[in-house]
$ cat run01.pdb   # PDB, N, CA and C atoms
ATOM      1  N   TYR Y   1      -4.871 -31.477 -13.816
ATOM      2  CA  TYR Y   1      -6.153 -32.103 -14.058
ATOM      3  C   TYR Y   1      -6.624 -31.902 -15.492
ATOM      4  N   GLY Y   2      -5.723 -31.705 -16.397
ATOM      5  CA  GLY Y   2      -6.069 -31.580 -17.800
ATOM      6  C   GLY Y   2      -6.624 -30.225 -18.195
ATOM      7  N   LYS Y   3      -6.509 -29.222 -17.343
ATOM      8  CA  LYS Y   3      -7.007 -27.883 -17.660
ATOM      9  C   LYS Y   3      -5.839 -26.966 -17.998
ATOM     10  N   THR Y   4      -6.062 -26.060 -18.919
ATOM     11  CA  THR Y   4      -5.012 -25.101 -19.254
ATOM     12  C   THR Y   4      -5.072 -23.934 -18.271
ATOM     13  N   VAL Y   5      -3.919 -23.424 -17.940
ATOM     14  CA  VAL Y   5      -3.819 -22.306 -17.013
ATOM     15  C   VAL Y   5      -3.807 -21.018 -17.826
ATOM     16  N   GLU Y   6      -4.680 -20.114 -17.486
ATOM     17  CA  GLU Y   6      -4.804 -18.851 -18.193
ATOM     18  C   GLU Y   6      -3.681 -17.902 -17.774
ATOM     19  N   TYR Y   7      -3.122 -17.193 -18.756
ATOM     20  CA  TYR Y   7      -2.071 -16.216 -18.483
ATOM     21  C   TYR Y   7      -2.704 -14.911 -18.030
ATOM     22  N   VAL Y   8      -2.201 -14.351 -16.953
ATOM     23  CA  VAL Y   8      -2.670 -13.062 -16.461
ATOM     24  C   VAL Y   8      -1.461 -12.149 -16.247
ATOM     25  N   GLU Y   9      -1.703 -10.847 -16.267
ATOM     26  CA  GLU Y   9      -0.621  -9.876 -16.110
ATOM     27  C   GLU Y   9      -0.123  -9.768 -14.668
ATOM     28  N   SER Y  10      -1.003  -9.976 -13.719
ATOM     29  CA  SER Y  10      -0.572  -9.914 -12.326
ATOM     30  C   SER Y  10      -1.404 -10.897 -11.516
ATOM     31  N   VAL Y  11      -0.808 -11.337 -10.424
ATOM     32  CA  VAL Y  11      -1.483 -12.287  -9.543
ATOM     33  C   VAL Y  11      -1.206 -11.869  -8.101
ATOM     34  N   LYS Y  12      -2.168 -12.108  -7.254
ATOM     35  CA  LYS Y  12      -2.013 -11.785  -5.841
ATOM     36  C   LYS Y  12      -1.718 -13.073  -5.085
ATOM     37  N   TYR Y  13      -0.625 -13.082  -4.342
ATOM     38  CA  TYR Y  13      -0.209 -14.255  -3.585
ATOM     39  C   TYR Y  13       0.240 -13.795  -2.209
ATOM     40  N   LEU Y  14      -0.418 -14.293  -1.168
ATOM     41  CA  LEU Y  14      -0.127 -13.938   0.214
ATOM     42  C   LEU Y  14      -0.150 -12.430   0.440
ATOM     43  N   GLY Y  15      -1.076 -11.751  -0.234
ATOM     44  CA  GLY Y  15      -1.227 -10.319  -0.067
ATOM     45  C   GLY Y  15      -0.277  -9.475  -0.882
ATOM     46  N   MET Y  16       0.563 -10.111  -1.679
ATOM     47  CA  MET Y  16       1.523  -9.390  -2.513
ATOM     48  C   MET Y  16       1.097  -9.510  -3.974
ATOM     49  N   THR Y  17       1.036  -8.391  -4.687
ATOM     50  CA  THR Y  17       0.686  -8.403  -6.095
ATOM     51  C   THR Y  17       1.957  -8.582  -6.909
ATOM     52  N   LEU Y  18       2.042  -9.682  -7.622
ATOM     53  CA  LEU Y  18       3.217  -9.997  -8.423
ATOM     54  C   LEU Y  18       2.915  -9.730  -9.886
ATOM     55  N   ASP Y  19       3.836  -9.057 -10.560
ATOM     56  CA  ASP Y  19       3.692  -8.834 -12.000
ATOM     57  C   ASP Y  19       4.825  -9.564 -12.715
ATOM     58  N   PRO Y  20       4.754  -9.726 -14.040
ATOM     59  CA  PRO Y  20       5.748 -10.542 -14.748
ATOM     60  C   PRO Y  20       7.194 -10.068 -14.601
ATOM     61  N   ARG Y  21       7.397  -8.766 -14.467
ATOM     62  CA  ARG Y  21       8.768  -8.251 -14.380
ATOM     63  C   ARG Y  21       9.214  -8.005 -12.940
ATOM     64  N   LEU Y  22       8.367  -8.313 -11.972
ATOM     65  CA  LEU Y  22       8.635  -8.053 -10.552
ATOM     66  C   LEU Y  22       9.056  -6.600 -10.315
ATOM     67  N   SER Y  23       8.311  -5.696 -10.943
ATOM     68  CA  SER Y  23       8.608  -4.279 -10.758
ATOM     69  C   SER Y  23       8.002  -3.753  -9.466
ATOM     70  N   TRP Y  24       7.022  -4.432  -8.917
ATOM     71  CA  TRP Y  24       6.336  -4.111  -7.674
ATOM     72  C   TRP Y  24       5.509  -2.835  -7.760
ATOM     73  N   ILE Y  25       5.459  -2.189  -8.896
ATOM     74  CA  ILE Y  25       4.679  -0.964  -9.043
ATOM     75  C   ILE Y  25       3.181  -1.227  -8.843
ATOM     76  N   PRO Y  26       2.599  -2.282  -9.461
ATOM     77  CA  PRO Y  26       1.169  -2.528  -9.205
ATOM     78  C   PRO Y  26       0.868  -2.805  -7.730
ATOM     79  N   HIS Y  27       1.766  -3.498  -7.058
ATOM     80  CA  HIS Y  27       1.571  -3.784  -5.633
ATOM     81  C   HIS Y  27       1.609  -2.495  -4.816
ATOM     82  N   ILE Y  28       2.591  -1.661  -5.072
ATOM     83  CA  ILE Y  28       2.746  -0.419  -4.323
ATOM     84  C   ILE Y  28       1.548   0.493  -4.565
ATOM     85  N   LYS Y  29       1.111   0.583  -5.820
ATOM     86  CA  LYS Y  29      -0.037   1.434  -6.137
ATOM     87  C   LYS Y  29      -1.305   0.932  -5.458
ATOM     88  N   SER Y  30      -1.521  -0.378  -5.443
ATOM     89  CA  SER Y  30      -2.736  -0.899  -4.809
ATOM     90  C   SER Y  30      -2.689  -0.717  -3.301
ATOM     91  N   LYS Y  31      -1.532  -0.889  -2.691
ATOM     92  CA  LYS Y  31      -1.403  -0.681  -1.241
ATOM     93  C   LYS Y  31      -1.616   0.781  -0.869
ATOM     94  N   ILE Y  32      -1.092   1.683  -1.673
ATOM     95  CA  ILE Y  32      -1.262   3.099  -1.393
ATOM     96  C   ILE Y  32      -2.716   3.500  -1.551
ATOM     97  N   GLN Y  33      -3.373   2.989  -2.589
ATOM     98  CA  GLN Y  33      -4.780   3.312  -2.800
ATOM     99  C   GLN Y  33      -5.653   2.806  -1.652
ATOM    100  N   SER Y  34      -5.437   1.573  -1.222
ATOM    101  CA  SER Y  34      -6.235   1.048  -0.114
ATOM    102  C   SER Y  34      -5.883   1.741   1.198
ATOM    103  N   SER Y  35      -4.633   2.157   1.358
ATOM    104  CA  SER Y  35      -4.227   2.861   2.568
ATOM    105  C   SER Y  35      -4.839   4.253   2.629
ATOM    106  N   LYS Y  36      -4.966   4.912   1.474
ATOM    107  CA  LYS Y  36      -5.611   6.225   1.451
ATOM    108  C   LYS Y  36      -7.072   6.104   1.856
ATOM    109  N   ARG Y  37      -7.731   5.056   1.369
ATOM    110  CA  ARG Y  37      -9.122   4.844   1.767
ATOM    111  C   ARG Y  37      -9.232   4.605   3.271
ATOM    112  N   LEU Y  38      -8.325   3.804   3.811
ATOM    113  CA  LEU Y  38      -8.321   3.537   5.250
ATOM    114  C   LEU Y  38      -8.036   4.806   6.046
ATOM    115  N   LEU Y  39      -7.103   5.620   5.564
ATOM    116  CA  LEU Y  39      -6.762   6.861   6.245
ATOM    117  C   LEU Y  39      -7.955   7.815   6.263
ATOM    118  N   LEU Y  40      -8.637   7.929   5.154
ATOM    119  CA  LEU Y  40      -9.818   8.794   5.109
ATOM    120  C   LEU Y  40     -10.933   8.265   6.009
ATOM    121  N   ALA Y  41     -11.081   6.951   6.056
ATOM    122  CA  ALA Y  41     -12.107   6.369   6.933
ATOM    123  C   ALA Y  41     -11.777   6.622   8.399
ATOM    124  N   THR Y  42     -10.524   6.492   8.786
ATOM    125  CA  THR Y  42     -10.147   6.760  10.172
ATOM    126  C   THR Y  42     -10.304   8.246  10.494
ATOM    127  N   ASN Y  43      -9.980   9.102   9.532
ATOM    128  CA  ASN Y  43     -10.160  10.540   9.755
ATOM    129  C   ASN Y  43     -11.629  10.886   9.958
ATOM    130  N   ARG Y  44     -12.501  10.263   9.167
ATOM    131  CA  ARG Y  44     -13.931  10.507   9.341
ATOM    132  C   ARG Y  44     -14.406  10.000  10.699
ATOM    133  N   ALA Y  45     -13.937   8.831  11.090
ATOM    134  CA  ALA Y  45     -14.372   8.247  12.365
ATOM    135  C   ALA Y  45     -13.845   9.050  13.554
ATOM    136  N   ILE Y  46     -12.596   9.436  13.496
ATOM    137  CA  ILE Y  46     -12.002  10.188  14.601
ATOM    138  C   ILE Y  46     -12.560  11.601  14.656
ATOM    139  N   GLY Y  47     -12.679  12.239  13.510
ATOM    140  CA  GLY Y  47     -13.144  13.614  13.466
ATOM    141  C   GLY Y  47     -14.614  13.757  13.794
ATOM    142  N   ALA Y  48     -15.413  12.710  13.606
ATOM    143  CA  ALA Y  48     -16.856  12.806  13.848
ATOM    144  C   ALA Y  48     -17.189  12.934  15.323
ATOM    145  N   THR Y  49     -16.408  12.294  16.170
ATOM    146  CA  THR Y  49     -16.750  12.314  17.590
ATOM    147  C   THR Y  49     -15.858  13.223  18.422
ATOM    148  N   TRP Y  50     -14.583  13.283  18.123
ATOM    149  CA  TRP Y  50     -13.665  14.022  18.986
ATOM    150  C   TRP Y  50     -13.101  15.278  18.342
ATOM    151  N   GLY Y  51     -13.474  15.575  17.141
ATOM    152  CA  GLY Y  51     -12.856  16.696  16.448
ATOM    153  C   GLY Y  51     -11.547  16.252  15.827
ATOM    154  N   HIS Y  52     -10.885  17.157  15.188
ATOM    155  CA  HIS Y  52      -9.651  16.804  14.477
ATOM    156  C   HIS Y  52      -8.441  17.050  15.370
ATOM    157  N   ALA Y  53      -8.122  16.086  16.176
ATOM    158  CA  ALA Y  53      -6.945  16.176  17.041
ATOM    159  C   ALA Y  53      -5.758  15.551  16.311
ATOM    160  N   PRO Y  54      -4.671  16.283  16.120
ATOM    161  CA  PRO Y  54      -3.521  15.758  15.394
ATOM    162  C   PRO Y  54      -2.945  14.482  16.009
ATOM    163  N   LYS Y  55      -3.000  14.373  17.319
ATOM    164  CA  LYS Y  55      -2.453  13.192  17.995
ATOM    165  C   LYS Y  55      -3.232  11.933  17.593
ATOM    166  N   LEU Y  56      -4.552  12.046  17.478
ATOM    167  CA  LEU Y  56      -5.366  10.897  17.081
ATOM    168  C   LEU Y  56      -5.160  10.540  15.616
ATOM    169  N   HIS Y  57      -4.966  11.536  14.776
ATOM    170  CA  HIS Y  57      -4.692  11.255  13.367
ATOM    171  C   HIS Y  57      -3.355  10.539  13.207
ATOM    172  N   MET Y  58      -2.374  10.973  13.981
ATOM    173  CA  MET Y  58      -1.070  10.311  13.935
ATOM    174  C   MET Y  58      -1.182   8.878  14.432
ATOM    175  N   TRP Y  59      -1.993   8.660  15.445
ATOM    176  CA  TRP Y  59      -2.227   7.302  15.943
ATOM    177  C   TRP Y  59      -2.858   6.435  14.860
ATOM    178  N   GLY Y  60      -3.834   6.971  14.145
ATOM    179  CA  GLY Y  60      -4.474   6.225  13.064
ATOM    180  C   GLY Y  60      -3.500   5.894  11.953
ATOM    181  N   TYR Y  61      -2.621   6.857  11.636
ATOM    182  CA  TYR Y  61      -1.638   6.634  10.576
ATOM    183  C   TYR Y  61      -0.602   5.591  10.984
ATOM    184  N   THR Y  62      -0.025   5.758  12.180
ATOM    185  CA  THR Y  62       1.040   4.838  12.594
ATOM    186  C   THR Y  62       0.511   3.466  13.003
ATOM    187  N   GLY Y  63      -0.713   3.428  13.502
ATOM    188  CA  GLY Y  63      -1.249   2.157  13.987
ATOM    189  C   GLY Y  63      -1.960   1.322  12.946
ATOM    190  N   MET Y  64      -2.534   1.975  11.913
ATOM    191  CA  MET Y  64      -3.311   1.221  10.939
ATOM    192  C   MET Y  64      -2.800   1.355   9.513
ATOM    193  N   VAL Y  65      -2.469   2.558   9.112
ATOM    194  CA  VAL Y  65      -2.096   2.787   7.714
ATOM    195  C   VAL Y  65      -0.671   2.318   7.436
ATOM    196  N   ARG Y  66       0.256   2.708   8.263
ATOM    197  CA  ARG Y  66       1.659   2.343   8.027
ATOM    198  C   ARG Y  66       1.887   0.830   7.988
ATOM    199  N   PRO Y  67       1.322   0.038   8.912
ATOM    200  CA  PRO Y  67       1.507  -1.415   8.807
ATOM    201  C   PRO Y  67       0.906  -2.003   7.530
ATOM    202  N   LYS Y  68      -0.177  -1.415   7.054
ATOM    203  CA  LYS Y  68      -0.793  -1.899   5.822
ATOM    204  C   LYS Y  68       0.145  -1.695   4.633
ATOM    205  N   VAL Y  69       0.812  -0.559   4.586
ATOM    206  CA  VAL Y  69       1.733  -0.278   3.481
ATOM    207  C   VAL Y  69       3.010  -1.101   3.615
ATOM    208  N   LEU Y  70       3.500  -1.252   4.818
ATOM    209  CA  LEU Y  70       4.798  -1.888   5.021
ATOM    210  C   LEU Y  70       4.772  -3.408   5.030
ATOM    211  N   TYR Y  71       3.593  -4.008   4.876
ATOM    212  CA  TYR Y  71       3.534  -5.469   4.824
ATOM    213  C   TYR Y  71       4.319  -5.953   3.603
ATOM    214  N   GLY Y  72       5.322  -6.757   3.824
ATOM    215  CA  GLY Y  72       6.136  -7.315   2.739
ATOM    216  C   GLY Y  72       7.123  -6.336   2.148
ATOM    217  N   CYS Y  73       7.413  -5.245   2.850
ATOM    218  CA  CYS Y  73       8.296  -4.223   2.278
ATOM    219  C   CYS Y  73       9.723  -4.721   2.077
ATOM    220  N   HIS Y  74      10.107  -5.773   2.767
ATOM    221  CA  HIS Y  74      11.455  -6.302   2.563
ATOM    222  C   HIS Y  74      11.611  -6.874   1.156
ATOM    223  N   LEU Y  75      10.502  -7.164   0.477
ATOM    224  CA  LEU Y  75      10.564  -7.663  -0.896
ATOM    225  C   LEU Y  75      10.661  -6.541  -1.919
ATOM    226  N   TRP Y  76      10.001  -5.408  -1.673
ATOM    227  CA  TRP Y  76       9.983  -4.340  -2.661
ATOM    228  C   TRP Y  76      10.757  -3.093  -2.243
ATOM    229  N   ALA Y  77      11.466  -3.148  -1.141
ATOM    230  CA  ALA Y  77      12.180  -1.974  -0.634
ATOM    231  C   ALA Y  77      13.251  -1.474  -1.606
ATOM    232  N   HIS Y  78      13.838  -2.357  -2.387
ATOM    233  CA  HIS Y  78      14.870  -1.928  -3.326
ATOM    234  C   HIS Y  78      14.305  -1.022  -4.426
ATOM    235  N   ARG Y  79      12.982  -1.040  -4.635
ATOM    236  CA  ARG Y  79      12.354  -0.204  -5.651
ATOM    237  C   ARG Y  79      12.137   1.231  -5.175
ATOM    238  N   THR Y  80      12.384   1.507  -3.914
ATOM    239  CA  THR Y  80      12.167   2.855  -3.394
ATOM    240  C   THR Y  80      13.229   3.832  -3.875
ATOM    241  N   SER Y  81      14.240   3.349  -4.542
ATOM    242  CA  SER Y  81      15.237   4.258  -5.113
ATOM    243  C   SER Y  81      14.714   4.941  -6.375
ATOM    244  N   LEU Y  82      13.613   4.440  -6.948
ATOM    245  CA  LEU Y  82      13.015   5.054  -8.128
ATOM    246  C   LEU Y  82      12.214   6.288  -7.730
ATOM    247  N   LYS Y  83      12.302   7.333  -8.525
ATOM    248  CA  LYS Y  83      11.591   8.577  -8.237
ATOM    249  C   LYS Y  83      10.079   8.376  -8.254
ATOM    250  N   THR Y  84       9.568   7.526  -9.141
ATOM    251  CA  THR Y  84       8.119   7.313  -9.214
ATOM    252  C   THR Y  84       7.592   6.694  -7.921
ATOM    253  N   VAL Y  85       8.312   5.733  -7.396
ATOM    254  CA  VAL Y  85       7.901   5.089  -6.144
ATOM    255  C   VAL Y  85       8.026   6.068  -4.981
ATOM    256  N   GLN Y  86       9.083   6.852  -4.967
ATOM    257  CA  GLN Y  86       9.256   7.855  -3.920
ATOM    258  C   GLN Y  86       8.111   8.857  -3.925
ATOM    259  N   ASN Y  87       7.706   9.295  -5.121
ATOM    260  CA  ASN Y  87       6.601  10.252  -5.216
ATOM    261  C   ASN Y  87       5.290   9.637  -4.745
ATOM    262  N   LEU Y  88       5.052   8.367  -5.076
ATOM    263  CA  LEU Y  88       3.835   7.695  -4.619
ATOM    264  C   LEU Y  88       3.786   7.597  -3.101
ATOM    265  N   LEU Y  89       4.911   7.241  -2.504
ATOM    266  CA  LEU Y  89       4.953   7.105  -1.050
ATOM    267  C   LEU Y  89       4.878   8.465  -0.348
ATOM    268  N   LYS Y  90       5.446   9.493  -0.956
ATOM    269  CA  LYS Y  90       5.377  10.842  -0.370
ATOM    270  C   LYS Y  90       3.946  11.351  -0.370
ATOM    271  N   LYS Y  91       3.201  11.032  -1.421
ATOM    272  CA  LYS Y  91       1.799  11.469  -1.490
ATOM    273  C   LYS Y  91       0.988  10.840  -0.360
ATOM    274  N   LEU Y  92       1.270   9.603  -0.040
ATOM    275  CA  LEU Y  92       0.544   8.945   1.059
ATOM    276  C   LEU Y  92       0.950   9.533   2.392
ATOM    277  N   GLN Y  93       2.226   9.731   2.607
ATOM    278  CA  GLN Y  93       2.720  10.219   3.889
ATOM    279  C   GLN Y  93       2.293  11.659   4.133
ATOM    280  N   ARG Y  94       2.155  12.406   3.086
ATOM    281  CA  ARG Y  94       1.772  13.809   3.207
ATOM    282  C   ARG Y  94       0.401  13.891   3.829
TER
END
$ encode --input "run01.pdb" --output "structure tokens"
Amino acid sequence: YGKTVEYVESVKYLGMTLDPRLSWIPHIKSKIQSSKRLLLATNRAIGATWGHAPKLHMWGYTGMVRPKVLYGCHLWAHRTSLKTVQNLLKKLQR
């Protein structure tokens, strides 16, 4: 339509953050950050009424946090061989 398209460093498409080199690092970092927020919110919600039961925390992690991180993992799974990505994922799982 006669408009110029602005260049950006990353774009979000179908929930996946794409960067120019397809390194997937910005996507992984944003997913981990949002997953940590979700994990803390579930911990607050579960711990407020029932106390801190490990079984409920595991349910929150496997039922809500893990699917959030693993969405589209077949696209960025090859990057898990990098130590930086492994450390980021270990911090979330811990």
$ resolve_selection --input "run01.pdb" --expression "the PyMOL selection byres (((chain Y and resi 64-72 and name CA) around 12) and name CA)" --output "VMD selection string"
chain Y and resid 13 to 18 24 27 to 43 56 to 63 73 to 78 88 to 89 92 to 93
$ closest_residue --input "run01.pdb" --among "Y:Pro54, Y:Ile25, Y:Val11, Y:Ile46" --to "Gln86 of chain Y" --atoms "only C-alpha atoms"
Y:Ile25
$ select_by_dssp --input "run01.pdb" --residues "chain Y" --states "alpha helix (DSSP H)" --output "PyMOL selection string"
chain Y and resi 25-50+54-60+66-70+73-76+83-93
$ select_by_dssp --input "run01.pdb" --residues "segment 13-43 of chain Y" --states "strand (DSSP E)" --output "MDAnalysis selection string"
chainID Y and resid 13 16:18
$ closest_residue --input "run01.pdb" --among "Y:Gly2, Y:Pro26, Y:Arg44, Y:Val8" --to "Val85 of chain Y" --atoms "only C-alpha atoms"
Y:Pro26
$ atom_distance --input "run01.pdb" --atom1 "atom N of Thr84 of chain Y" --atom2 "atom CA of Arg21 of chain Y"
16.6 Å
$ atom_distance --input "run01.pdb" --atom1 "atom CA of Pro20 of chain Y" --atom2 "atom CA of Lys90 of chain Y"
25.8 Å
$ atom_distance --input "run01.pdb" --atom1 "atom C of Arg79 of chain Y" --atom2 "atom N of Glu9 of chain Y"
21.5 Å
$ build_atoms --input "run01.pdb" --residues "segment 7-18 of chain Y" --atoms "all heavy atoms" --output "CSV table (one decimal), in the frame of the given file"
chain,number,residue,atom,x,y,z
Y,7,TYR,N,-3.1,-17.2,-18.8
Y,7,TYR,CA,-2.1,-16.2,-18.5
Y,7,TYR,C,-2.7,-14.9,-18.0
Y,7,TYR,O,-3.6,-14.4,-18.6
Y,7,TYR,CB,-1.2,-16.0,-19.7
Y,7,TYR,CG,-0.2,-14.9,-19.5
Y,7,TYR,CD1,1.0,-15.3,-18.9
Y,7,TYR,CD2,-0.3,-13.6,-19.9
Y,7,TYR,CE1,2.0,-14.3,-18.7
Y,7,TYR,CE2,0.6,-12.7,-19.7
Y,7,TYR,CZ,1.8,-13.0,-19.1
Y,7,TYR,OH,2.8,-12.1,-18.9
Y,8,VAL,N,-2.2,-14.4,-17.0
Y,8,VAL,CA,-2.7,-13.1,-16.5
Y,8,VAL,C,-1.5,-12.1,-16.2
Y,8,VAL,O,-0.3,-12.6,-16.1
Y,8,VAL,CB,-3.5,-13.2,-15.1
Y,8,VAL,CG1,-4.8,-13.9,-15.4
Y,8,VAL,CG2,-2.6,-13.9,-14.1
Y,9,GLU,N,-1.7,-10.8,-16.3
Y,9,GLU,CA,-0.6,-9.9,-16.1
Y,9,GLU,C,-0.1,-9.8,-14.7
Y,9,GLU,O,1.0,-9.5,-14.4
Y,9,GLU,CB,-1.1,-8.5,-16.6
Y,9,GLU,CG,-1.1,-8.4,-18.1
Y,9,GLU,CD,0.3,-8.5,-18.7
Y,9,GLU,OE1,1.3,-7.9,-18.2
Y,9,GLU,OE2,0.4,-9.2,-19.7
Y,10,SER,N,-1.0,-10.0,-13.7
Y,10,SER,CA,-0.6,-9.9,-12.3
Y,10,SER,C,-1.4,-10.9,-11.5
Y,10,SER,O,-2.5,-11.2,-11.9
Y,10,SER,CB,-0.7,-8.5,-11.8
Y,10,SER,OG,-2.1,-8.1,-11.7
Y,11,VAL,N,-0.8,-11.3,-10.4
Y,11,VAL,CA,-1.5,-12.3,-9.5
Y,11,VAL,C,-1.2,-11.9,-8.1
Y,11,VAL,O,-0.2,-11.3,-7.8
Y,11,VAL,CB,-1.0,-13.7,-9.8
Y,11,VAL,CG1,0.5,-13.9,-9.5
Y,11,VAL,CG2,-1.8,-14.7,-9.1
Y,12,LYS,N,-2.2,-12.1,-7.3
Y,12,LYS,CA,-2.0,-11.8,-5.8
Y,12,LYS,C,-1.7,-13.1,-5.1
Y,12,LYS,O,-2.5,-14.0,-5.2
Y,12,LYS,CB,-3.3,-11.1,-5.3
Y,12,LYS,CG,-3.1,-10.4,-4.0
Y,12,LYS,CD,-4.2,-9.5,-3.8
Y,12,LYS,CE,-3.8,-8.4,-2.8
Y,12,LYS,NZ,-4.7,-7.4,-2.7
Y,13,TYR,N,-0.6,-13.1,-4.3
Y,13,TYR,CA,-0.2,-14.3,-3.6
Y,13,TYR,C,0.2,-13.8,-2.2
Y,13,TYR,O,1.2,-13.0,-2.1
Y,13,TYR,CB,0.9,-15.0,-4.3
Y,13,TYR,CG,1.4,-16.2,-3.6
Y,13,TYR,CD1,0.6,-17.4,-3.6
Y,13,TYR,CD2,2.6,-16.3,-3.0
Y,13,TYR,CE1,1.0,-18.5,-3.0
Y,13,TYR,CE2,3.0,-17.5,-2.4
Y,13,TYR,CZ,2.2,-18.6,-2.4
Y,13,TYR,OH,2.6,-19.7,-1.7
Y,14,LEU,N,-0.4,-14.3,-1.2
Y,14,LEU,CA,-0.1,-13.9,0.2
Y,14,LEU,C,-0.2,-12.4,0.4
Y,14,LEU,O,0.7,-11.9,1.2
Y,14,LEU,CB,1.2,-14.5,0.7
Y,14,LEU,CG,1.3,-16.0,0.7
Y,14,LEU,CD1,2.8,-16.4,1.1
Y,14,LEU,CD2,0.4,-16.6,1.7
Y,15,GLY,N,-1.1,-11.8,-0.2
Y,15,GLY,CA,-1.2,-10.3,-0.1
Y,15,GLY,C,-0.3,-9.5,-0.9
Y,15,GLY,O,-0.3,-8.3,-0.8
Y,16,MET,N,0.6,-10.1,-1.7
Y,16,MET,CA,1.5,-9.4,-2.5
Y,16,MET,C,1.1,-9.5,-4.0
Y,16,MET,O,0.8,-10.6,-4.4
Y,16,MET,CB,2.9,-10.0,-2.3
Y,16,MET,CG,3.4,-10.1,-0.9
Y,16,MET,SD,3.7,-8.5,-0.2
Y,16,MET,CE,5.1,-7.9,-1.0
Y,17,THR,N,1.0,-8.4,-4.7
Y,17,THR,CA,0.7,-8.4,-6.1
Y,17,THR,C,2.0,-8.6,-6.9
Y,17,THR,O,2.9,-7.7,-6.9
Y,17,THR,CB,0.0,-7.1,-6.5
Y,17,THR,OG1,-1.1,-6.9,-5.6
Y,17,THR,CG2,-0.5,-7.1,-7.9
Y,18,LEU,N,2.0,-9.7,-7.6
Y,18,LEU,CA,3.2,-10.0,-8.4
Y,18,LEU,C,2.9,-9.7,-9.9
Y,18,LEU,O,1.9,-10.1,-10.4
Y,18,LEU,CB,3.6,-11.5,-8.2
Y,18,LEU,CG,3.8,-11.9,-6.8
Y,18,LEU,CD1,4.0,-13.4,-6.8
Y,18,LEU,CD2,5.0,-11.2,-6.2
